[in-house]
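Q: This is the structure I have questions about; it appears just below.
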Amino acid sequence: MLMVLFSWLVIGGAALIFGKAIVDRIYPQDLQTMGKTDIYLVAGIVFLGVYAQFFSLFYKVAGIACTILGIAGMGVVLRYGIRYRRERKSPAQGGKPLGGGLLVRYRRQLVTALLCLLVTLVWTNREPWHYDTGLYHAQAIRWIEEYGVVPGLGNLQMRLAYNSAFMCLQALFSLGWLVGQSLHSLNGFFCFAGLTWALSTIRVRGRGSWKTSDLLKAAMVIYIVTVRNSISSCGTDILSMLLMLYISIKWCESAERETHSLNLCCFCCLAAVFAVTVKLSAAVMVLLVIYPAWLLIKGKEYGKIIGNLAAGVLIALPFLIRNYFISGYLIYPYSGIDLFDVDWKMDEAILEMDRQDITMFGRGITNADEYGQTLGEWLPAWFRSKGLDEKAVILCGVAAAGIILWKLFGYLYRRNVERTVFLAVCVGGLVFWMISAPLMRYGEVYFFVVIAVALGEWRYRYRERLLGCLALLLLAPLLGIYGSKVKDLAKLDAAYWVRQPEYLAWPASQYDIDGEYIWLPDEGDQVGYMAFPNTSSERQLRTLALRGNSLKGGFRCGEKRELRRVE
């Protein structure tokens with residue numbers, strides 16, 4: 001647990017330092033709106049993710065990457081320290097000394113942060129049981145830790161071609177070179193930050209409480225508690241879902257002010273671009289750019305248009321370059337965008353098979369012959385397969401989407417571009433998720449968003465009271481989730497309080513491929529982190545060939561061969 005806490009201090013410190021430096025530099029005239037801790041944190045995470053991806057193009061993401069980051073961070077801190085000394089005034093000169101009043105003023109936030117810290121630490125300090133972590137998450141992270149980007153890595157295992165900015169970010173902060181094991185604490189940090197921010201800033205009483213942004217913050221709390229058992233794993237869903245919620249919240253906060261913040265809207269759009277590099281299911285969020293682009297074009301602010309466009313390209317560029325190296329395609333697993341002719345390009349049939357598998361898995365289809373089913377054929381079976389709680393969320397979400405569509409046409413008639421774009425993105429995201437791969441963990445946040453937004457659009461005399469009662473009904477059972485397990489913490493051994501449980505491992509055997517030993521699971525398709533390198537696909541292993549004399553040179557698809565097991 002101490003290791004997890006240490007990694008969180010490193011992640012949070014780096015994100016805040018670089019995030020503040022970037023925001024203060026880009027928005028020096030709008031710090032009243034942009035100079036917020038949460039914006040610093042998100043800006044820093046985006047910077048760190050882009051940095052880790054770019055670094056992986058040249059070298060492994062481990063000790064040297066962290067050292068360079070640390071030196072740069074110390075330089076930023078030193079610069080702020082010098083500036084602070086120059087600008088600081090003594091109490092006699094009119095300055096206001098910091099005292100106990102600061103603690104009193106922020107006591108709610110401090111108590112909330114402490115409680116969230118304790119809860120999320122317990123959630124994070126577990127074995128990463130998530131199925132996909134044993135399947136490919138752990139291996140993808142280790143490849144980045146030890147090699148950076150490797151040409152044709154998808155030929156070793158197609159799931160290693162699921163390129164995500166999250167994997168590079170986790171490799172940057174796994175700290176295996178420092179603590180002796182690869183930590184998997186990044187999702188825990190994001191949940192801790194999201195939970196603390198949502199609970200400490202939500203308006204639960206007083207004038208103007210329970211606006212749309214507050215309802216979305218309640219949705220963020222519910223989502224984090226819902227995925228609590230996955231926080232210790234390295235799935236890419238959590239960060240992308242939290243970013244979608246965060247973007248929606250900040251967008252609504254901007255709309256709820258008397259004057260909209262164009263800078264905040266542009267910042268949300270840049271965060272949406274980063275969310276897409278984490279998970280493609282967030283792609284619809286990028287359409288929010290329509291509103292700030294309309295304002296900028298209308299105001300003829302071409303300098304800001306070029307600046308924001310350049311920032312968006314910079315965020316997306318390392319993701320696209322990594323796709324090129326790993327799979328030979330610009331976007332995996334979409335073979336329709338085929339721009340390159342390189343020897344490590346993955347077989348197009350593999351991409352199509354993988355894309356179909358993703359869609360079928362999301363729809364609950366197990367027979368490949370049923371892939372071509374129409375919406376009316378697979379949707380009823382998909383709905384029947386859900387649990388009672390998921391069915392309730394789906395039905396509420398569909399009803400909420402109908403309300404939003406009705407409101408959308410009203411805003412469109414009144415030419416309210418900001419609300420029209422936002423509501424269209426809310427419903428569009430839900431539709432995109434449904435027709436692509438409607439697995440709940442891929443896009444359940446879309447349901448949460450449309451429900452919260454529909455309730456926010458609702459106008460009624462006793463609205464605040466009813467929403468407050470609804471929030472209590474939802475949050476009350478959450479308070480007891482771990483109440484019965486607190487006593488179990490005392491029974492844990494001393495190692496629990498120091499180290500985070502390592503990645504799980506499964507039995508596997510080695511096979512000789514051009515002089516390199518590749519692991520293949522003895523049963524099933526999971527191997528884990530330690531057996532490296534490995535593949536879960538015997539079919540791909542039979543056609544695997546090295547591009548050079550070592551693993552660093554990458555892989556290509558060769559002639560089919562007989563496998564030779566290493567005894």
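Chain labels run A, B, ... following the order of the structure tokens; each chain numbers its residues from 1, and ligands are numbered from 1 in the order shown.
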Any idea what's packed within 6 Å of region 260-273 of chain A, counting only C-alpha atoms, ignoring anything in its chain fewer than 6 positions away? Could you give it as a list of chain:residue names?

A: A:Ile247, A:Ser254, A:Met285, A:Val286, A:Val289, A:Gly312

Q: Write out, as a PDB file, in the first residue's frame, the residues just selected, with C-alpha atoms.

A:
ATOM      1  CA  ILE A 247     -15.364  16.939 -20.157  1.00  0.00           C
ATOM      2  CA  SER A 254     -19.115  26.786 -18.531  1.00  0.00           C
ATOM      3  CA  MET A 285     -16.710  13.597 -27.817  1.00  0.00           C
ATOM      4  CA  VAL A 286     -14.404  15.280 -30.347  1.00  0.00           C
ATOM      5  CA  VAL A 289     -15.193  21.145 -31.281  1.00  0.00           C
ATOM      6  CA  GLY A 312      -4.873  18.730 -31.197  1.00  0.00           C
TER       7      GLY A 312
END

Q: Quick one: residues within 9 Å of region 46-57 of chain A, only C-alpha atoms counted, chain neighbours fewer than 4 positions away excluded, as an MDAnalysis selection string?

A: chainID A and resid 14:15 18:19 22 41:42 61 65 69 144:145 147:150 165:172 270:271 274:275 314:319 321:322 325

Q: Could the residues in this selection be written to a file with N, CA, C and O atoms, as a short mmCIF file (atom, residue, chain, number, x, y, z; two decimals), in the first residue's frame?

A:
data_model
loop_
_atom_site.label_atom_id
_atom_site.label_comp_id
_atom_site.auth_asym_id
_atom_site.auth_seq_id
_atom_site.Cartn_x
_atom_site.Cartn_y
_atom_site.Cartn_z
N ALA A 14 3.87 15.24 -10.57
CA ALA A 14 4.29 15.52 -11.95
C ALA A 14 3.16 16.17 -12.75
O ALA A 14 3.38 17.13 -13.49
N ALA A 15 1.94 15.64 -12.60
CA ALA A 15 0.80 16.18 -13.35
C ALA A 15 0.52 17.63 -12.96
O ALA A 15 0.30 18.48 -13.84
N PHE A 18 3.58 20.10 -14.23
CA PHE A 18 3.60 20.38 -15.66
C PHE A 18 2.27 20.95 -16.14
O PHE A 18 2.23 21.78 -17.05
N GLY A 19 1.17 20.51 -15.53
CA GLY A 19 -0.13 21.05 -15.91
C GLY A 19 -0.23 22.54 -15.61
O GLY A 19 -0.72 23.32 -16.44
N ILE A 22 1.87 24.54 -18.09
CA ILE A 22 1.25 24.63 -19.43
C ILE A 22 0.07 25.58 -19.42
O ILE A 22 -0.05 26.45 -20.30
N LEU A 41 -4.44 19.40 -13.22
CA LEU A 41 -4.21 17.96 -13.16
C LEU A 41 -4.48 17.29 -14.50
O LEU A 41 -3.67 16.48 -14.99
N VAL A 42 -5.61 17.63 -15.12
CA VAL A 42 -5.95 17.02 -16.42
C VAL A 42 -4.96 17.45 -17.49
O VAL A 42 -4.52 16.63 -18.31
N VAL A 61 10.40 3.15 -22.07
CA VAL A 61 9.83 4.10 -21.12
C VAL A 61 10.05 3.55 -19.71
O VAL A 61 9.26 2.77 -19.19
N ALA A 65 13.42 7.87 -18.88
CA ALA A 65 12.26 8.72 -19.14
C ALA A 65 11.82 9.45 -17.88
O ALA A 65 11.50 10.64 -17.91
N LEU A 69 12.12 13.54 -16.93
CA LEU A 69 10.91 14.20 -16.45
C LEU A 69 11.15 14.86 -15.08
O LEU A 69 10.71 15.98 -14.83
N ILE A 144 6.50 -1.80 -23.57
CA ILE A 144 6.84 -0.38 -23.53
C ILE A 144 7.95 -0.12 -22.52
O ILE A 144 8.85 0.68 -22.77
N GLU A 145 7.90 -0.81 -21.38
CA GLU A 145 8.93 -0.65 -20.36
C GLU A 145 10.30 -1.09 -20.85
O GLU A 145 11.32 -0.49 -20.50
N TYR A 147 11.17 -1.98 -24.34
CA TYR A 147 11.56 -1.74 -25.73
C TYR A 147 10.99 -0.45 -26.32
O TYR A 147 11.47 0.01 -27.36
N GLY A 148 9.97 0.13 -25.71
CA GLY A 148 9.30 1.26 -26.34
C GLY A 148 8.33 0.75 -27.39
O GLY A 148 7.49 -0.09 -27.11
N VAL A 149 8.45 1.26 -28.60
CA VAL A 149 7.60 0.78 -29.68
C VAL A 149 8.37 -0.24 -30.51
O VAL A 149 9.57 -0.08 -30.76
N VAL A 150 7.69 -1.31 -30.94
CA VAL A 150 8.32 -2.39 -31.71
C VAL A 150 7.53 -2.59 -33.00
O VAL A 150 6.32 -2.83 -32.95
N ALA A 165 -2.88 5.38 -25.26
CA ALA A 165 -2.01 6.28 -24.50
C ALA A 165 -1.91 5.86 -23.05
O ALA A 165 -0.90 6.13 -22.39
N PHE A 166 -2.93 5.18 -22.54
CA PHE A 166 -2.90 4.74 -21.15
C PHE A 166 -1.74 3.80 -20.89
O PHE A 166 -1.10 3.86 -19.83
N MET A 167 -1.45 2.89 -21.83
CA MET A 167 -0.39 1.91 -21.63
C MET A 167 0.97 2.59 -21.49
O MET A 167 1.78 2.20 -20.63
N CYS A 168 1.22 3.60 -22.30
CA CYS A 168 2.49 4.33 -22.19
C CYS A 168 2.56 5.09 -20.87
O CYS A 168 3.61 5.16 -20.23
N LEU A 169 1.44 5.66 -20.48
CA LEU A 169 1.39 6.40 -19.22
C LEU A 169 1.61 5.48 -18.03
O LEU A 169 2.33 5.82 -17.09
N GLN A 170 1.02 4.27 -18.07
CA GLN A 170 1.23 3.32 -16.99
C GLN A 170 2.67 2.83 -16.96
O GLN A 170 3.26 2.66 -15.89
N ALA A 171 3.26 2.62 -18.13
CA ALA A 171 4.67 2.22 -18.18
C ALA A 171 5.57 3.30 -17.57
O ALA A 171 6.55 2.99 -16.87
N LEU A 172 5.24 4.57 -17.81
CA LEU A 172 6.02 5.67 -17.27
C LEU A 172 6.01 5.67 -15.74
O LEU A 172 7.02 5.97 -15.10
N LEU A 270 -9.62 19.60 -26.51
CA LEU A 270 -8.28 19.00 -26.52
C LEU A 270 -8.23 17.77 -25.61
O LEU A 270 -7.60 16.76 -25.95
N ALA A 271 -8.90 17.84 -24.46
CA ALA A 271 -8.98 16.67 -23.58
C ALA A 271 -9.73 15.54 -24.27
O ALA A 271 -9.41 14.36 -24.07
N PHE A 274 -7.39 13.65 -26.51
CA PHE A 274 -6.58 12.72 -25.73
C PHE A 274 -7.39 11.50 -25.32
O PHE A 274 -6.88 10.38 -25.31
N ALA A 275 -8.66 11.70 -24.97
CA ALA A 275 -9.53 10.58 -24.59
C ALA A 275 -9.64 9.57 -25.72
O ALA A 275 -9.69 8.36 -25.48
N LEU A 314 -0.77 17.67 -32.17
CA LEU A 314 0.35 17.24 -31.33
C LEU A 314 -0.09 16.13 -30.37
O LEU A 314 0.67 15.19 -30.11
N ILE A 315 -1.31 16.23 -29.84
CA ILE A 315 -1.81 15.21 -28.92
C ILE A 315 -2.06 13.89 -29.65
O ILE A 315 -1.75 12.81 -29.13
N ALA A 316 -2.60 13.97 -30.86
CA ALA A 316 -2.95 12.75 -31.60
C ALA A 316 -1.77 12.12 -32.33
O ALA A 316 -1.77 10.91 -32.59
N LEU A 317 -0.75 12.92 -32.66
CA LEU A 317 0.34 12.45 -33.51
C LEU A 317 1.07 11.23 -32.97
O LEU A 317 1.25 10.24 -33.72
N PRO A 318 1.54 11.20 -31.72
CA PRO A 318 2.27 10.00 -31.27
C PRO A 318 1.40 8.75 -31.25
O PRO A 318 1.91 7.65 -31.50
N PHE A 319 0.13 8.91 -30.99
CA PHE A 319 -0.80 7.78 -31.04
C PHE A 319 -0.86 7.19 -32.44
O PHE A 319 -0.79 5.97 -32.63
N ILE A 321 1.40 7.56 -34.87
CA ILE A 321 2.71 7.01 -35.23
C ILE A 321 2.89 5.63 -34.61
O ILE A 321 3.40 4.70 -35.25
N ARG A 322 2.49 5.48 -33.35
CA ARG A 322 2.59 4.17 -32.70
C ARG A 322 1.72 3.14 -33.41
O ARG A 322 2.11 1.98 -33.55
N PHE A 325 3.64 1.89 -36.42
CA PHE A 325 4.71 0.93 -36.12
C PHE A 325 4.17 -0.41 -35.62
O PHE A 325 4.68 -1.46 -35.99
#

Q: Mind checking which residues fall within 9 Å of Leu245 (chain A), counting only C-alpha atoms, ignoring those fewer than 6 positions away in the same chain, and posting them as a list in words?

A: Leu216, Lys217, Ala219, Met220, Val445, Tyr446, Phe448 and Val449 of chain A

Q: As a ChimeraX atom specification, please: the residues near Leu117 (chain A) (cut-off 9 Å, only C-alpha atoms, same-chain neighbours under 5 positions excluded).

A: /A:5,112,122,192-193,196

Q: Those same residues, written as a compact mmCIF listing (two decimals), in the first residue's frame with N, CA and C atoms?

A:
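This is the output file result.txt:
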# COMPACT_ATOMS: atom_id res chain seq x y z
N LEU A 5 0.80 4.46 -2.62
CA LEU A 5 0.75 5.85 -2.19
C LEU A 5 1.93 6.64 -2.74
N THR A 112 -12.80 15.12 2.85
CA THR A 112 -13.22 14.32 1.69
C THR A 112 -12.04 13.62 1.04
N VAL A 122 -7.46 1.02 -0.72
CA VAL A 122 -7.89 -0.37 -0.51
C VAL A 122 -8.30 -1.00 -1.84
N PHE A 192 -9.14 8.02 -7.48
CA PHE A 192 -8.97 8.84 -6.27
C PHE A 192 -9.17 10.32 -6.60
N ALA A 193 -8.53 10.79 -7.66
CA ALA A 193 -8.64 12.20 -8.05
C ALA A 193 -10.07 12.54 -8.44
N THR A 196 -12.44 12.44 -5.30
CA THR A 196 -12.20 13.58 -4.41
C THR A 196 -12.75 14.86 -5.01

Q: A:Arg126, A:Arg228, A:Lys552, A:Arg142: which is nearest Leu175 (chain A), counting only C-alpha atoms?

A: A:Arg142

Q: For Ala349 (chain A), please output as a PDB file with N, CA, C and O atoms, in the first residue's frame all residues within 12 Å (counting only C-alpha atoms; exclusion window: fewer than 3 positions along the same chain).

A:
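Everything below was put into out.pdb:
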ATOM      1  N   ASN A 155       1.710  -8.597 -34.886  1.00  0.00           N
ATOM      2  CA  ASN A 155       1.870  -9.914 -35.494  1.00  0.00           C
ATOM      3  C   ASN A 155       2.183 -10.981 -34.459  1.00  0.00           C
ATOM      4  O   ASN A 155       1.969 -12.171 -34.711  1.00  0.00           O
ATOM      5  N   MET A 158      -2.459 -10.135 -31.754  1.00  0.00           N
ATOM      6  CA  MET A 158      -3.248  -9.048 -32.338  1.00  0.00           C
ATOM      7  C   MET A 158      -3.720  -8.049 -31.289  1.00  0.00           C
ATOM      8  O   MET A 158      -3.856  -6.860 -31.566  1.00  0.00           O
ATOM      9  N   PRO A 333      -8.567  -1.511 -35.248  1.00  0.00           N
ATOM     10  CA  PRO A 333      -8.461  -2.525 -36.289  1.00  0.00           C
ATOM     11  C   PRO A 333      -9.296  -2.195 -37.530  1.00  0.00           C
ATOM     12  O   PRO A 333     -10.138  -3.000 -37.965  1.00  0.00           O
ATOM     13  N   TYR A 334      -9.100  -1.023 -38.118  1.00  0.00           N
ATOM     14  CA  TYR A 334      -9.865  -0.606 -39.293  1.00  0.00           C
ATOM     15  C   TYR A 334      -8.952  -0.621 -40.517  1.00  0.00           C
ATOM     16  O   TYR A 334      -8.161   0.299 -40.744  1.00  0.00           O
ATOM     17  N   SER A 335      -9.084  -1.674 -41.305  1.00  0.00           N
ATOM     18  CA  SER A 335      -8.212  -1.857 -42.468  1.00  0.00           C
ATOM     19  C   SER A 335      -8.597  -0.944 -43.629  1.00  0.00           C
ATOM     20  O   SER A 335      -7.848  -0.833 -44.601  1.00  0.00           O
ATOM     21  N   GLY A 336      -9.752  -0.267 -43.527  1.00  0.00           N
ATOM     22  CA  GLY A 336     -10.175   0.622 -44.606  1.00  0.00           C
ATOM     23  C   GLY A 336      -9.239   1.798 -44.782  1.00  0.00           C
ATOM     24  O   GLY A 336      -9.112   2.341 -45.884  1.00  0.00           O
ATOM     25  N   LYS A 345       3.359  -4.999 -41.769  1.00  0.00           N
ATOM     26  CA  LYS A 345       1.907  -4.782 -41.757  1.00  0.00           C
ATOM     27  C   LYS A 345       1.178  -6.081 -41.410  1.00  0.00           C
ATOM     28  O   LYS A 345       1.489  -7.151 -41.938  1.00  0.00           O
ATOM     29  N   MET A 346       0.193  -5.973 -40.534  1.00  0.00           N
ATOM     30  CA  MET A 346      -0.585  -7.138 -40.133  1.00  0.00           C
ATOM     31  C   MET A 346      -1.497  -7.602 -41.262  1.00  0.00           C
ATOM     32  O   MET A 346      -1.928  -6.796 -42.101  1.00  0.00           O
ATOM     33  N   GLU A 352      -9.874  -7.759 -39.712  1.00  0.00           N
ATOM     34  CA  GLU A 352     -11.320  -7.929 -39.884  1.00  0.00           C
ATOM     35  C   GLU A 352     -11.884  -8.914 -38.866  1.00  0.00           C
ATOM     36  O   GLU A 352     -12.970  -8.707 -38.316  1.00  0.00           O
ATOM     37  N   MET A 353     -11.141  -9.980 -38.611  1.00  0.00           N
ATOM     38  CA  MET A 353     -11.588 -10.954 -37.617  1.00  0.00           C
ATOM     39  C   MET A 353     -11.648 -10.319 -36.234  1.00  0.00           C
ATOM     40  O   MET A 353     -12.616 -10.525 -35.479  1.00  0.00           O
ATOM     41  N   ASP A 354     -10.641  -9.533 -35.906  1.00  0.00           N
ATOM     42  CA  ASP A 354     -10.605  -8.897 -34.591  1.00  0.00           C
ATOM     43  C   ASP A 354     -11.727  -7.876 -34.449  1.00  0.00           C
ATOM     44  O   ASP A 354     -12.377  -7.783 -33.401  1.00  0.00           O
ATOM     45  N   ARG A 355     -11.963  -7.101 -35.484  1.00  0.00           N
ATOM     46  CA  ARG A 355     -13.035  -6.102 -35.435  1.00  0.00           C
ATOM     47  C   ARG A 355     -14.395  -6.773 -35.264  1.00  0.00           C
ATOM     48  O   ARG A 355     -15.242  -6.311 -34.495  1.00  0.00           O
ATOM     49  N   GLN A 356     -14.603  -7.871 -35.962  1.00  0.00           N
ATOM     50  CA  GLN A 356     -15.853  -8.606 -35.816  1.00  0.00           C
ATOM     51  C   GLN A 356     -15.984  -9.204 -34.419  1.00  0.00           C
ATOM     52  O   GLN A 356     -17.075  -9.199 -33.832  1.00  0.00           O
ATOM     53  N   GLN A 540      -1.217 -17.131 -34.812  1.00  0.00           N
ATOM     54  CA  GLN A 540      -0.245 -16.100 -35.154  1.00  0.00           C
ATOM     55  C   GLN A 540       1.179 -16.578 -34.902  1.00  0.00           C
ATOM     56  O   GLN A 540       2.103 -16.200 -35.636  1.00  0.00           O
TER      57      GLN A 540
END

Q: From the set A:Ala545, A:Leu135, A:Ile404, A:Leu351, which residue has the shortest atom-to-atom contact distance to Gly515 (chain A), counting only C-alpha atoms?

A: A:Ala545

Q: Which residue, A:Ala43, A:Met530, A:Leu156, A:Leu408, has the smallest gap to Ala424 (chain A) when you use only C-alpha atoms?

A: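 Closest candidate: A:Leu408.
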
Q: Per DSSP on the backbone, filter region 18-198 of chain A down to the residues in helix (DSSP H, G or I) and report them as a PyMOL selection string.

A: chain A and resi 18-26+31-34+37-56+63-87+91-93+100-105+107-124+131-146+153-155+158-161+165-172+176-179+186-198

Q: How many Å lie between CA of Arg415 (chain A) and CA of Trp210 (chain A), rounded to one decimal?

A: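 Separation of CA of Arg415 (chain A) and CA of Trp210 (chain A): 25.7 Å.
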
Q: For Cys191 (chain A), please output as number ranges by chain all residues within 8 Å (counting only C-alpha atoms; exclusion window: fewer than 6 positions along the same chain).

A: A: 120, 224, 231

Q: Write out as a list of chain:residue names the residues lying within 9 Å of Gly558 (chain A), counting only C-alpha atoms and excluding same-chain residues fewer than 4 positions away.

A: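 Residues meeting the cut-off are A:Arg542, A:Thr543, A:Leu544, A:Ala545, A:Leu546.
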
Q: Got time to write the residues from that selection, C-alpha atoms, as a compact mmCIF listing (two decimals), in the first residue's frame?

A:
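Saved as selection11.txt:
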# COMPACT_ATOMS: atom_id res chain seq x y z
CA ARG A 542 2.79 -20.39 -36.45
CA THR A 543 3.25 -17.60 -39.00
CA LEU A 544 5.48 -15.37 -36.86
CA ALA A 545 8.91 -14.33 -38.10
CA LEU A 546 11.52 -11.91 -36.78

Q: Smallest atom-to-atom distance to Leu295 (chain A): which of A:Ala140, A:Glu418, A:Asp347, A:Leu430, using only C-alpha atoms?

A: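 Result for the nearest residue to Leu295 (chain A): A:Glu418.
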
Q: Rounded to one decimal place, report the CA of Val284 (chain A)-CA of Cys426 (chain A) distance in Å.

A: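 Between these atoms lies a distance of 8.6 Å.
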
Q: Of the candidates A:Glu87, A:Glu253, A:Glu562, A:Glu127, which shows the shortest atom-to-atom distance to Thr33 (chain A), using only C-alpha atoms?

A: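 Closest candidate: A:Glu253.
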
Q: Of the residues A:Gly75, A:Gly362, A:Pro507, A:Pro151, which is the one nearest to Met434 (chain A), using only C-alpha atoms?

A: A:Gly362
